[in-house]
>>> print(open('my_file.txt').read())   # compact mmCIF, C-alpha atoms
# COMPACT_ATOMS: atom_id res chain seq x y z
CA MET A 1 118.83 18.31 -38.36
CA ALA A 2 119.20 21.96 -37.37
CA VAL A 3 122.48 23.68 -37.99
CA GLU A 4 123.74 26.09 -35.34
CA ARG A 5 123.68 29.71 -36.52
CA LEU A 6 127.08 30.74 -37.76
CA PHE A 7 128.57 34.22 -38.04
CA VAL A 8 130.33 34.73 -41.38
CA ASP A 9 133.43 36.94 -41.49
CA THR A 10 135.06 38.59 -44.50
CA TRP A 11 137.57 35.75 -44.82
CA ALA A 12 134.80 33.21 -45.47
CA TRP A 13 133.08 35.33 -48.10
CA LEU A 14 136.37 35.80 -49.94
CA VAL A 15 137.04 32.05 -49.76
CA LEU A 16 133.62 31.30 -51.25
CA ALA A 17 134.30 33.78 -54.05
CA ASN A 18 137.51 31.96 -55.03
CA ASP A 19 137.21 28.26 -55.81
CA ARG A 20 141.02 28.02 -55.94
CA ASP A 21 141.38 29.00 -52.29
CA PRO A 22 142.71 26.05 -50.22
CA ALA A 23 139.81 26.44 -47.76
CA PHE A 24 137.13 26.57 -50.48
CA ASP A 25 136.00 22.94 -50.10
CA SER A 26 135.64 23.04 -46.31
CA VAL A 27 133.80 26.38 -46.34
CA SER A 28 131.56 25.21 -49.20
CA ARG A 29 130.62 22.09 -47.23
CA LEU A 30 129.54 24.26 -44.28
CA ARG A 31 127.50 26.43 -46.64
CA GLY A 32 125.90 23.35 -48.16
CA ALA A 33 124.92 22.04 -44.74
CA ALA A 34 123.06 25.29 -44.04
CA THR A 35 121.52 25.79 -47.49
CA ASN A 36 117.93 24.99 -46.58
CA GLN A 37 117.89 26.38 -43.07
CA ALA A 38 116.53 29.89 -42.70
CA SER A 39 118.87 32.37 -41.04
CA ALA A 40 121.60 29.78 -40.57
CA TRP A 41 124.26 32.31 -41.51
CA VAL A 42 124.65 35.79 -40.06
CA THR A 43 126.91 38.62 -41.16
CA THR A 44 126.96 42.41 -40.89
CA ASP A 45 126.92 45.34 -43.26
CA TYR A 46 130.46 46.14 -42.05
CA VAL A 47 131.67 42.65 -42.96
CA LEU A 48 130.06 43.00 -46.38
CA ASP A 49 131.72 46.41 -46.77
CA GLU A 50 135.12 44.79 -46.21
CA THR A 51 134.21 41.91 -48.50
CA MET A 52 133.13 44.14 -51.37
CA THR A 53 136.19 46.35 -51.05
CA ARG A 54 138.57 43.39 -51.24
CA LEU A 55 136.58 41.44 -53.80
CA PHE A 56 136.22 44.28 -56.30
CA ALA A 57 139.91 45.14 -55.86
CA GLY A 58 141.11 41.60 -56.51
CA ALA A 59 138.64 39.94 -58.87
CA THR A 60 137.11 40.80 -62.20
CA PHE A 61 134.12 43.11 -62.03
CA PRO A 62 131.67 40.51 -63.41
CA LEU A 63 132.79 37.87 -60.90
CA ALA A 64 132.64 40.28 -57.97
CA ARG A 65 129.23 41.53 -59.02
CA ARG A 66 127.79 38.01 -59.47
CA PHE A 67 129.15 36.89 -56.13
CA MET A 68 127.76 39.87 -54.21
CA GLU A 69 124.40 39.58 -55.97
CA GLY A 70 124.33 35.94 -54.80
CA VAL A 71 124.93 37.10 -51.22
CA PHE A 72 122.10 39.62 -51.48
CA GLU A 73 119.83 36.98 -53.02
CA ALA A 74 120.54 34.61 -50.11
CA SER A 75 119.53 37.41 -47.78
CA SER A 76 116.31 38.12 -49.70
CA GLN A 77 115.46 34.40 -49.52
CA GLY A 78 115.91 34.41 -45.74
CA LEU A 79 118.99 32.15 -45.80
CA LEU A 80 121.31 34.89 -44.54
CA ASP A 81 120.70 37.55 -41.93
CA ILE A 82 122.54 40.81 -42.57
CA GLU A 83 122.73 42.68 -39.29
CA HIS A 84 123.33 46.42 -39.41
CA VAL A 85 125.75 48.26 -37.20
CA THR A 86 123.44 50.72 -35.48
CA PRO A 87 124.70 53.77 -33.58
CA GLU A 88 124.35 51.76 -30.35
CA ARG A 89 126.41 48.88 -31.74
CA PHE A 90 128.97 51.34 -33.07
CA ALA A 91 129.30 52.89 -29.59
CA GLN A 92 129.75 49.45 -28.01
CA ALA A 93 132.44 48.61 -30.59
CA TRP A 94 134.18 51.90 -29.77
CA ARG A 95 134.22 50.92 -26.09
CA LEU A 96 135.76 47.58 -27.09
CA ARG A 97 138.39 49.45 -29.16
CA LEU A 98 139.36 51.31 -25.98
CA ARG A 99 139.28 48.14 -23.88
CA TYR A 100 141.50 46.16 -26.25
CA ARG A 101 144.23 48.79 -26.50
CA ASP A 102 146.81 46.00 -26.33
CA LYS A 103 145.41 44.53 -29.58
CA PRO A 104 145.77 47.35 -32.13
CA ARG A 105 145.56 45.00 -35.14
CA ILE A 106 141.92 44.11 -34.47
CA SER A 107 139.92 45.96 -37.11
CA PHE A 108 136.95 48.09 -36.16
CA ALA A 109 134.83 45.85 -38.38
CA ASP A 110 135.88 42.88 -36.22
CA LEU A 111 134.97 44.82 -33.08
CA THR A 112 131.49 45.46 -34.48
CA SER A 113 131.25 41.73 -35.24
CA PHE A 114 132.12 40.95 -31.59
CA VAL A 115 129.28 43.22 -30.48
CA VAL A 116 126.73 41.67 -32.84
CA MET A 117 127.80 38.11 -32.04
CA ARG A 118 127.57 38.74 -28.30
CA GLU A 119 124.18 40.46 -28.66
CA LEU A 120 122.74 37.59 -30.73
CA GLY A 121 124.31 34.88 -28.58
CA LEU A 122 126.42 33.52 -31.44
CA ARG A 123 129.57 31.61 -30.53
CA GLU A 124 130.76 30.12 -33.80
CA ILE A 125 132.37 32.18 -36.54
CA LEU A 126 133.52 31.18 -39.98
CA THR A 127 136.94 32.81 -40.14
CA ALA A 128 140.67 32.22 -40.09
CA ASP A 129 141.12 35.36 -37.99
CA ALA A 130 142.50 34.43 -34.57
CA HIS A 131 141.41 37.77 -33.07
CA PHE A 132 138.01 36.26 -32.43
CA GLU A 133 139.57 33.81 -29.98
CA HIS A 134 142.17 36.20 -28.55
CA VAL A 135 139.57 38.49 -26.99
CA GLY A 136 138.35 35.87 -24.53
CA MET A 137 134.66 36.26 -25.35
CA GLY A 138 134.08 32.56 -25.98
CA PHE A 139 134.02 32.68 -29.77
CA VAL A 140 134.99 29.52 -31.64
CA ARG A 141 136.46 29.64 -35.13
CA LYS A 142 135.39 27.31 -37.91
CA PRO A 143 136.14 25.42 -40.11
>>> encode(input="my_file.txt", output="structure tokens")
Amino acid sequence: MAVERLFVDTWAWLVLANDRDPAFDSVSRLRGAATNQASAWVTTDYVLDETMTRLFAGATFPLARRFMEGVFEASSQGLLDIEHVTPERFAQAWRLRLRYRDKPRISFADLTSFVVMRELGLREILTADAHFEHVGMGFVRKP
């Protein structure tokens, strides 16, 4: 059974890095369902930037390093697509920043995620961040 491709936000990575997080079990189940499907999960270099910054600030260095090396290994095995924010995607995110002037708390990283998700035709996102639904672009949060 094919699993729909899922965009993975910073929140989900941080949950997976902390087995004491209340959402750990539900996020882990989603990861398990996609384990053997190539490219089932998608994220961006900007999301991973946020993840690394928060993870290395809040966890021990060995744990943070092991977790991030696991993410990179999943990518090298084709289980995770890491999309890069190109100059064109950056410019589109900037236009969204101007468009959503009434939503100043949306991070620029989230705006780049909106661009990538829209470009790739992804609707579902693994996040607790309500901004993805507030922009009216048809995104659906999981879990």
>>> residues_near_point(input="my_file.txt", point="(141.3, 28.2, -47.6)", cutoff="9 Å", atoms="all atoms listed in the file", output="ChimeraX atom specification")
/A:11-12,15,20-27,128
>>> closest_residue(input="my_file.txt", among="A:Phe132, A:Tyr46, A:Phe139, A:Trp13", to="Glu83 of chain A", atoms="all atoms listed in the file")
A:Tyr46
>>> atom_distance(input="my_file.txt", atom1="atom CA of Lys142 of chain A", atom2="atom CA of Phe7 of chain A")
9.7 Å
>>> atom_distance(input="my_file.txt", atom1="atom CA of Thr127 of chain A", atom2="atom CA of Thr51 of chain A")
12.7 Å
>>> closest_residue(input="my_file.txt", among="A:Ile82, A:Val42, A:Gly32, A:Pro87", to="Leu126 of chain A", atoms="all atoms listed in the file")
A:Val42
>>> closest_residue(input="my_file.txt", among="A:Glu88, A:Asp9, A:Asp81, A:Glu133", to="Val47 of chain A", atoms="all atoms listed in the file")
A:Asp9
>>> atom_distance(input="my_file.txt", atom1="atom CA of Leu6 of chain A", atom2="atom CA of Asp102 of chain A")
27.4 Å
>>> closest_residue(input="my_file.txt", among="A:Glu4, A:Glu73, A:Asp110, A:Asp19", to="Asp45 of chain A", atoms="only C-alpha atoms")
A:Asp110
>>> closest_residue(input="my_file.txt", among="A:Ala93, A:Met68, A:Arg118, A:His134", to="Asp49 of chain A", atoms="only C-alpha atoms")
A:Met68
>>> closest_residue(input="my_file.txt", among="A:Leu122, A:Val140, A:Ala64, A:Leu30", to="Asn18 of chain A", atoms="all atoms listed in the file")
A:Ala64
>>> build_atoms(input="my_file.txt", residues="segment 112-137 of chain A", atoms="N, CA and C atoms", output="tab-separated table (two decimals), keeping the file's coordinate frame")
chain	number	residue	atom	x	y	z
A	112	THR	N	132.95	45.41	-34.31
A	112	THR	CA	131.49	45.46	-34.48
A	112	THR	C	130.93	44.04	-34.57
A	113	SER	N	131.69	43.14	-35.18
A	113	SER	CA	131.25	41.73	-35.24
A	113	SER	C	131.17	41.14	-33.84
A	114	PHE	N	132.15	41.44	-32.98
A	114	PHE	CA	132.12	40.95	-31.59
A	114	PHE	C	130.83	41.39	-30.92
A	115	VAL	N	130.48	42.65	-31.11
A	115	VAL	CA	129.28	43.22	-30.48
A	115	VAL	C	128.03	42.48	-30.97
A	116	VAL	N	127.92	42.32	-32.28
A	116	VAL	CA	126.73	41.67	-32.84
A	116	VAL	C	126.66	40.21	-32.40
A	117	MET	N	127.79	39.52	-32.45
A	117	MET	CA	127.80	38.11	-32.04
A	117	MET	C	127.37	37.96	-30.58
A	118	ARG	N	127.92	38.81	-29.73
A	118	ARG	CA	127.57	38.74	-28.30
A	118	ARG	C	126.09	39.04	-28.12
A	119	GLU	N	125.59	40.07	-28.79
A	119	GLU	CA	124.18	40.46	-28.66
A	119	GLU	C	123.24	39.34	-29.11
A	120	LEU	N	123.61	38.64	-30.18
A	120	LEU	CA	122.74	37.59	-30.73
A	120	LEU	C	123.01	36.22	-30.10
A	121	GLY	N	123.99	36.15	-29.23
A	121	GLY	CA	124.31	34.88	-28.58
A	121	GLY	C	124.99	33.88	-29.50
A	122	LEU	N	125.72	34.39	-30.49
A	122	LEU	CA	126.42	33.52	-31.44
A	122	LEU	C	127.83	33.24	-30.93
A	123	ARG	N	128.23	31.99	-30.98
A	123	ARG	CA	129.57	31.61	-30.53
A	123	ARG	C	130.49	31.25	-31.67
A	124	GLU	N	129.93	30.64	-32.72
A	124	GLU	CA	130.76	30.12	-33.80
A	124	GLU	C	130.87	31.13	-34.93
A	125	ILE	N	132.10	31.25	-35.45
A	125	ILE	CA	132.37	32.18	-36.54
A	125	ILE	C	133.19	31.50	-37.61
A	126	LEU	N	132.81	31.73	-38.83
A	126	LEU	CA	133.52	31.18	-39.98
A	126	LEU	C	134.60	32.18	-40.37
A	127	THR	N	135.82	31.91	-39.91
A	127	THR	CA	136.94	32.81	-40.14
A	127	THR	C	138.25	32.10	-39.87
A	128	ALA	N	139.32	32.67	-40.42
A	128	ALA	CA	140.67	32.22	-40.09
A	128	ALA	C	141.33	33.23	-39.15
A	129	ASP	N	140.60	34.27	-38.80
A	129	ASP	CA	141.12	35.36	-37.99
A	129	ASP	C	141.14	34.98	-36.51
A	130	ALA	N	142.34	34.85	-35.97
A	130	ALA	CA	142.50	34.43	-34.57
A	130	ALA	C	142.05	35.49	-33.57
A	131	HIS	N	141.85	36.73	-34.01
A	131	HIS	CA	141.41	37.77	-33.07
A	131	HIS	C	140.13	37.39	-32.36
A	132	PHE	N	139.29	36.63	-33.03
A	132	PHE	CA	138.01	36.26	-32.43
A	132	PHE	C	138.19	35.37	-31.20
A	133	GLU	N	139.28	34.63	-31.16
A	133	GLU	CA	139.57	33.81	-29.98
A	133	GLU	C	140.44	34.56	-28.97
A	134	HIS	N	141.24	35.48	-29.43
A	134	HIS	CA	142.17	36.20	-28.55
A	134	HIS	C	141.48	37.15	-27.58
A	135	VAL	N	140.25	37.52	-27.84
A	135	VAL	CA	139.57	38.49	-26.99
A	135	VAL	C	138.91	37.86	-25.77
A	136	GLY	N	138.89	36.54	-25.71
A	136	GLY	CA	138.35	35.87	-24.53
A	136	GLY	C	136.85	36.02	-24.35
A	137	MET	N	136.10	36.11	-25.44
A	137	MET	CA	134.66	36.26	-25.35
A	137	MET	C	133.93	34.95	-25.65
